[in-house]
>>> print(open('upload32.cif').read())   # mmCIF, N, CA and C atoms
data_run
loop_
_atom_site.label_atom_id
_atom_site.label_comp_id
_atom_site.auth_asym_id
_atom_site.auth_seq_id
_atom_site.Cartn_x
_atom_site.Cartn_y
_atom_site.Cartn_z
N PHE A 1169 12.83 49.70 -12.92
CA PHE A 1169 12.39 48.38 -13.30
C PHE A 1169 13.56 47.49 -13.72
N ILE A 1170 14.55 48.09 -14.32
CA ILE A 1170 15.72 47.33 -14.74
C ILE A 1170 16.45 46.77 -13.52
N ALA A 1171 16.54 47.57 -12.46
CA ALA A 1171 17.21 47.13 -11.24
C ALA A 1171 16.48 45.93 -10.62
N PHE A 1172 15.14 45.95 -10.63
CA PHE A 1172 14.38 44.82 -10.09
C PHE A 1172 14.62 43.56 -10.93
N GLY A 1173 14.66 43.74 -12.23
CA GLY A 1173 14.92 42.61 -13.13
C GLY A 1173 16.29 42.02 -12.92
N LEU A 1174 17.29 42.88 -12.78
CA LEU A 1174 18.64 42.41 -12.53
C LEU A 1174 18.76 41.71 -11.18
N PHE A 1175 18.08 42.27 -10.19
CA PHE A 1175 18.10 41.63 -8.86
C PHE A 1175 17.45 40.25 -8.93
N GLY A 1176 16.31 40.17 -9.61
CA GLY A 1176 15.63 38.88 -9.76
C GLY A 1176 16.48 37.87 -10.50
N LEU A 1177 17.16 38.30 -11.55
CA LEU A 1177 18.04 37.42 -12.31
C LEU A 1177 19.21 36.96 -11.45
N PHE A 1178 19.79 37.87 -10.68
CA PHE A 1178 20.88 37.51 -9.77
C PHE A 1178 20.40 36.52 -8.72
N ALA A 1179 19.24 36.77 -8.14
CA ALA A 1179 18.70 35.87 -7.11
C ALA A 1179 18.46 34.47 -7.68
N LEU A 1180 17.92 34.40 -8.89
CA LEU A 1180 17.68 33.11 -9.53
C LEU A 1180 18.99 32.39 -9.80
N ALA A 1181 19.97 33.10 -10.34
CA ALA A 1181 21.28 32.49 -10.63
C ALA A 1181 21.94 32.00 -9.35
N PHE A 1182 21.87 32.78 -8.29
CA PHE A 1182 22.47 32.40 -7.01
C PHE A 1182 21.80 31.15 -6.45
N THR A 1183 20.48 31.09 -6.55
CA THR A 1183 19.73 29.93 -6.06
C THR A 1183 20.10 28.67 -6.84
N VAL A 1184 20.17 28.78 -8.16
CA VAL A 1184 20.55 27.63 -8.98
C VAL A 1184 21.97 27.19 -8.64
N TYR A 1185 22.88 28.15 -8.49
CA TYR A 1185 24.27 27.85 -8.13
C TYR A 1185 24.33 27.09 -6.80
N GLN A 1186 23.61 27.58 -5.81
CA GLN A 1186 23.59 26.93 -4.49
C GLN A 1186 23.00 25.52 -4.59
N LEU A 1187 21.93 25.35 -5.36
CA LEU A 1187 21.32 24.03 -5.51
C LEU A 1187 22.27 23.05 -6.20
N VAL A 1188 22.97 23.53 -7.22
CA VAL A 1188 23.93 22.66 -7.91
C VAL A 1188 25.04 22.24 -6.96
N LEU A 1189 25.57 23.17 -6.18
CA LEU A 1189 26.59 22.82 -5.19
C LEU A 1189 26.05 21.83 -4.17
N LEU A 1190 24.84 22.06 -3.71
CA LEU A 1190 24.23 21.18 -2.72
C LEU A 1190 24.04 19.77 -3.28
N TYR A 1191 23.62 19.69 -4.54
CA TYR A 1191 23.43 18.39 -5.17
C TYR A 1191 24.76 17.68 -5.40
N ARG A 1192 25.73 18.38 -5.95
CA ARG A 1192 27.01 17.74 -6.30
C ARG A 1192 27.86 17.37 -5.09
N HIS A 1193 27.89 18.27 -4.11
CA HIS A 1193 28.81 18.08 -2.98
C HIS A 1193 28.12 17.95 -1.62
N GLY A 1194 26.80 18.17 -1.59
CA GLY A 1194 26.09 18.15 -0.32
C GLY A 1194 26.33 19.40 0.50
N GLN A 1195 26.97 20.39 -0.12
CA GLN A 1195 27.35 21.61 0.59
C GLN A 1195 27.10 22.85 -0.25
N THR A 1196 26.59 23.90 0.38
CA THR A 1196 26.60 25.22 -0.21
C THR A 1196 27.90 25.88 0.24
N VAL A 1197 28.15 27.08 -0.20
CA VAL A 1197 29.37 27.79 0.21
C VAL A 1197 29.39 27.94 1.74
N GLY A 1198 28.26 28.33 2.32
CA GLY A 1198 28.19 28.50 3.77
C GLY A 1198 28.39 27.21 4.53
N LYS A 1199 27.78 26.12 4.05
CA LYS A 1199 27.95 24.82 4.70
C LYS A 1199 29.40 24.36 4.62
N LYS A 1200 30.05 24.62 3.50
CA LYS A 1200 31.46 24.25 3.36
C LYS A 1200 32.31 25.01 4.38
N MET A 1201 32.02 26.29 4.55
CA MET A 1201 32.77 27.10 5.54
C MET A 1201 32.55 26.58 6.95
N LEU A 1202 31.36 26.05 7.23
CA LEU A 1202 31.06 25.52 8.56
C LEU A 1202 31.49 24.05 8.73
N GLY A 1203 31.92 23.42 7.64
CA GLY A 1203 32.37 22.04 7.71
C GLY A 1203 31.24 21.04 7.88
N ILE A 1204 30.08 21.34 7.27
CA ILE A 1204 28.93 20.43 7.34
C ILE A 1204 28.42 20.17 5.92
N ARG A 1205 27.65 19.10 5.78
CA ARG A 1205 27.02 18.81 4.50
C ARG A 1205 25.70 18.07 4.73
N ILE A 1206 24.90 18.00 3.68
CA ILE A 1206 23.58 17.37 3.76
C ILE A 1206 23.63 16.03 3.03
N VAL A 1207 23.12 15.00 3.68
CA VAL A 1207 23.00 13.67 3.09
C VAL A 1207 21.63 13.10 3.45
N ARG A 1208 21.25 12.00 2.80
CA ARG A 1208 20.04 11.29 3.18
C ARG A 1208 20.26 10.65 4.54
N SER A 1209 19.19 10.25 5.20
CA SER A 1209 19.33 9.69 6.55
C SER A 1209 20.13 8.39 6.54
N ASP A 1210 20.22 7.72 5.38
CA ASP A 1210 21.04 6.50 5.30
C ASP A 1210 22.49 6.79 4.91
N GLY A 1211 22.84 8.09 4.77
CA GLY A 1211 24.20 8.49 4.44
C GLY A 1211 24.47 8.67 2.96
N SER A 1212 23.51 8.32 2.11
CA SER A 1212 23.71 8.48 0.67
C SER A 1212 23.47 9.92 0.24
N ARG A 1213 23.88 10.24 -0.97
CA ARG A 1213 23.71 11.58 -1.51
C ARG A 1213 22.23 11.82 -1.81
N ALA A 1214 21.75 13.00 -1.47
CA ALA A 1214 20.37 13.38 -1.75
C ALA A 1214 20.24 13.73 -3.23
N SER A 1215 19.17 13.26 -3.86
CA SER A 1215 18.95 13.56 -5.28
C SER A 1215 18.57 15.02 -5.46
N PHE A 1216 18.74 15.51 -6.69
CA PHE A 1216 18.39 16.89 -6.99
C PHE A 1216 16.90 17.13 -6.76
N GLY A 1217 16.07 16.17 -7.18
CA GLY A 1217 14.62 16.29 -6.98
C GLY A 1217 14.24 16.35 -5.52
N ARG A 1218 14.89 15.56 -4.70
CA ARG A 1218 14.63 15.56 -3.26
C ARG A 1218 15.02 16.90 -2.65
N LEU A 1219 16.18 17.41 -3.05
CA LEU A 1219 16.65 18.69 -2.51
C LEU A 1219 15.73 19.83 -2.93
N LEU A 1220 15.44 19.91 -4.22
CA LEU A 1220 14.61 21.00 -4.72
C LEU A 1220 13.16 20.84 -4.29
N GLY A 1221 12.59 19.66 -4.53
CA GLY A 1221 11.17 19.47 -4.26
C GLY A 1221 10.82 19.35 -2.80
N LEU A 1222 11.46 18.42 -2.12
CA LEU A 1222 11.07 18.13 -0.74
C LEU A 1222 11.75 19.02 0.29
N ARG A 1223 12.97 19.42 0.04
CA ARG A 1223 13.68 20.23 1.04
C ARG A 1223 13.38 21.72 0.92
N TYR A 1224 13.05 22.17 -0.31
CA TYR A 1224 12.83 23.61 -0.50
C TYR A 1224 11.41 23.96 -0.95
N LEU A 1225 10.90 23.32 -2.00
CA LEU A 1225 9.60 23.72 -2.53
C LEU A 1225 8.44 23.39 -1.60
N VAL A 1226 8.38 22.17 -1.08
CA VAL A 1226 7.27 21.80 -0.19
C VAL A 1226 7.23 22.71 1.04
N PRO A 1227 8.34 22.88 1.77
CA PRO A 1227 8.29 23.81 2.90
C PRO A 1227 7.96 25.24 2.47
N GLY A 1228 8.44 25.64 1.29
CA GLY A 1228 8.14 26.98 0.79
C GLY A 1228 6.65 27.18 0.54
N VAL A 1229 6.02 26.18 -0.05
CA VAL A 1229 4.57 26.25 -0.31
C VAL A 1229 3.80 26.26 1.01
N ILE A 1230 4.20 25.38 1.93
CA ILE A 1230 3.53 25.34 3.23
C ILE A 1230 3.65 26.68 3.94
N SER A 1231 4.82 27.30 3.87
CA SER A 1231 5.02 28.57 4.56
C SER A 1231 4.20 29.72 3.97
N MET A 1232 3.70 29.56 2.75
CA MET A 1232 2.87 30.58 2.13
C MET A 1232 1.38 30.43 2.43
N LEU A 1233 0.99 29.33 3.05
CA LEU A 1233 -0.42 29.10 3.35
C LEU A 1233 -0.89 30.02 4.48
N PRO A 1234 -2.10 30.56 4.36
CA PRO A 1234 -2.63 31.38 5.45
C PRO A 1234 -2.75 30.56 6.74
N VAL A 1235 -2.50 31.14 7.83
CA VAL A 1235 -2.56 30.57 9.19
C VAL A 1235 -1.49 29.49 9.39
N LEU A 1236 -1.51 28.43 8.60
CA LEU A 1236 -0.56 27.35 8.77
C LEU A 1236 0.87 27.80 8.44
N GLY A 1237 1.03 28.66 7.44
CA GLY A 1237 2.34 29.11 7.00
C GLY A 1237 3.18 29.75 8.08
N PRO A 1238 2.65 30.76 8.76
CA PRO A 1238 3.45 31.37 9.84
C PRO A 1238 3.78 30.40 10.97
N ILE A 1239 2.86 29.50 11.27
CA ILE A 1239 3.11 28.50 12.33
C ILE A 1239 4.23 27.57 11.89
N PHE A 1240 4.15 27.08 10.64
CA PHE A 1240 5.19 26.21 10.10
C PHE A 1240 6.54 26.93 10.08
N SER A 1241 6.54 28.18 9.64
CA SER A 1241 7.79 28.94 9.56
C SER A 1241 8.42 29.16 10.92
N LEU A 1242 7.62 29.21 11.96
CA LEU A 1242 8.14 29.35 13.31
C LEU A 1242 8.63 28.01 13.85
N ILE A 1243 7.86 26.96 13.64
CA ILE A 1243 8.18 25.66 14.21
C ILE A 1243 9.33 24.96 13.48
N ASN A 1244 9.40 25.13 12.17
CA ASN A 1244 10.41 24.44 11.36
C ASN A 1244 11.82 24.58 11.95
N PRO A 1245 12.34 25.77 12.15
CA PRO A 1245 13.71 25.86 12.68
C PRO A 1245 13.82 25.46 14.15
N LEU A 1246 12.73 25.51 14.89
CA LEU A 1246 12.80 25.14 16.31
C LEU A 1246 13.06 23.65 16.50
N PHE A 1247 12.77 22.85 15.48
CA PHE A 1247 13.03 21.41 15.59
C PHE A 1247 14.52 21.11 15.70
N ILE A 1248 15.38 22.08 15.40
CA ILE A 1248 16.82 21.88 15.52
C ILE A 1248 17.20 21.55 16.97
N PHE A 1249 16.33 21.92 17.92
CA PHE A 1249 16.61 21.66 19.33
C PHE A 1249 16.13 20.28 19.78
N ALA A 1250 15.54 19.50 18.86
CA ALA A 1250 15.13 18.12 19.17
C ALA A 1250 16.38 17.27 19.34
N GLU A 1251 16.20 16.09 19.87
CA GLU A 1251 17.33 15.21 20.14
C GLU A 1251 18.13 14.87 18.88
N ASP A 1252 17.45 14.64 17.75
CA ASP A 1252 18.16 14.28 16.52
C ASP A 1252 18.60 15.50 15.70
N ARG A 1253 18.27 16.71 16.16
CA ARG A 1253 18.70 17.97 15.54
C ARG A 1253 18.31 18.08 14.07
N ARG A 1254 17.09 17.64 13.73
CA ARG A 1254 16.58 17.72 12.36
C ARG A 1254 15.39 18.66 12.32
N CYS A 1255 15.47 19.68 11.47
CA CYS A 1255 14.34 20.60 11.28
C CYS A 1255 13.24 19.88 10.52
N LEU A 1256 12.06 20.50 10.45
CA LEU A 1256 10.95 19.87 9.74
C LEU A 1256 11.28 19.65 8.27
N HIS A 1257 11.98 20.59 7.63
CA HIS A 1257 12.32 20.39 6.22
C HIS A 1257 13.26 19.20 6.04
N ASP A 1258 14.09 18.90 7.03
CA ASP A 1258 14.93 17.70 6.98
C ASP A 1258 14.08 16.44 7.09
N ARG A 1259 13.09 16.47 7.94
CA ARG A 1259 12.20 15.32 8.11
C ARG A 1259 11.38 15.07 6.85
N ILE A 1260 10.90 16.15 6.23
CA ILE A 1260 10.12 16.02 5.00
C ILE A 1260 10.98 15.41 3.89
N ALA A 1261 12.22 15.85 3.77
CA ALA A 1261 13.11 15.39 2.70
C ALA A 1261 13.94 14.17 3.08
N ASP A 1262 13.82 13.68 4.30
CA ASP A 1262 14.60 12.56 4.81
C ASP A 1262 16.10 12.85 4.65
N THR A 1263 16.50 14.04 5.11
CA THR A 1263 17.92 14.41 5.06
C THR A 1263 18.42 14.70 6.46
N ILE A 1264 19.74 14.65 6.60
CA ILE A 1264 20.38 15.03 7.85
C ILE A 1264 21.59 15.89 7.53
N VAL A 1265 22.02 16.66 8.49
CA VAL A 1265 23.22 17.48 8.35
C VAL A 1265 24.32 16.78 9.14
N VAL A 1266 25.44 16.52 8.47
CA VAL A 1266 26.55 15.81 9.10
C VAL A 1266 27.83 16.64 8.98
N ASN A 1267 28.82 16.30 9.78
CA ASN A 1267 30.14 16.94 9.64
C ASN A 1267 30.77 16.44 8.34
N ALA A 1268 31.40 17.36 7.63
CA ALA A 1268 31.96 17.01 6.30
C ALA A 1268 33.27 16.26 6.39
#
>>> encode(input="upload32.cif", output="structure tokens")
Amino acid sequence: FIAFGLFGLFALAFTVYQLVLLYRHGQTVGKKMLGIRIVRSDGSRASFGRLLGLRYLVPGVISMLPVLGPIFSLINPLFIFAEDRRCLHDRIADTIVVNA
């Protein structure tokens, strides 16, 4: 049980760390390595609430819904092949991925 608790604490800390990086710089560690960052569609910095609520929580809740969740989870990343290369979570949060 202690191992599960430590894993959960580590996962929470890692998520908060990534969110803070994303909010402050528009980049997580992985995005920085790839030379990309997240901004609003008008080029401005995305707010913390927009990143957490619209980019992560709303898609997360949708993906947990019976029937609709698995469909959303499949379709969401496939939108990357659209002309504007924005996944559904980008459309929900009005964000885009740009070169850093």
>>> closest_residue(input="upload32.cif", among="A:Ile1204, A:Pro1238, A:Ser1231, A:Leu1189", to="Val1266 (chain A)", atoms="all atoms listed in the file")
A:Ile1204
>>> atom_distance(input="upload32.cif", atom1="atom C of Leu1222 (chain A)", atom2="atom N of Leu1242 (chain A)")
16.0 Å
>>> resolve_selection(input="upload32.cif", expression="the PyMOL selection byres (((chain A and resi 1207 and name CA) around 8) and name CA)", output="ChimeraX atom specification")
/A:1194,1205-1206,1208-1214,1263-1266
>>> atom_distance(input="upload32.cif", atom1="CA of Gly1198 (chain A)", atom2="CA of Gln1186 (chain A)")
9.6 Å
>>> atom_distance(input="upload32.cif", atom1="CA of Gly1203 (chain A)", atom2="CA of Ala1268 (chain A)")
5.2 Å
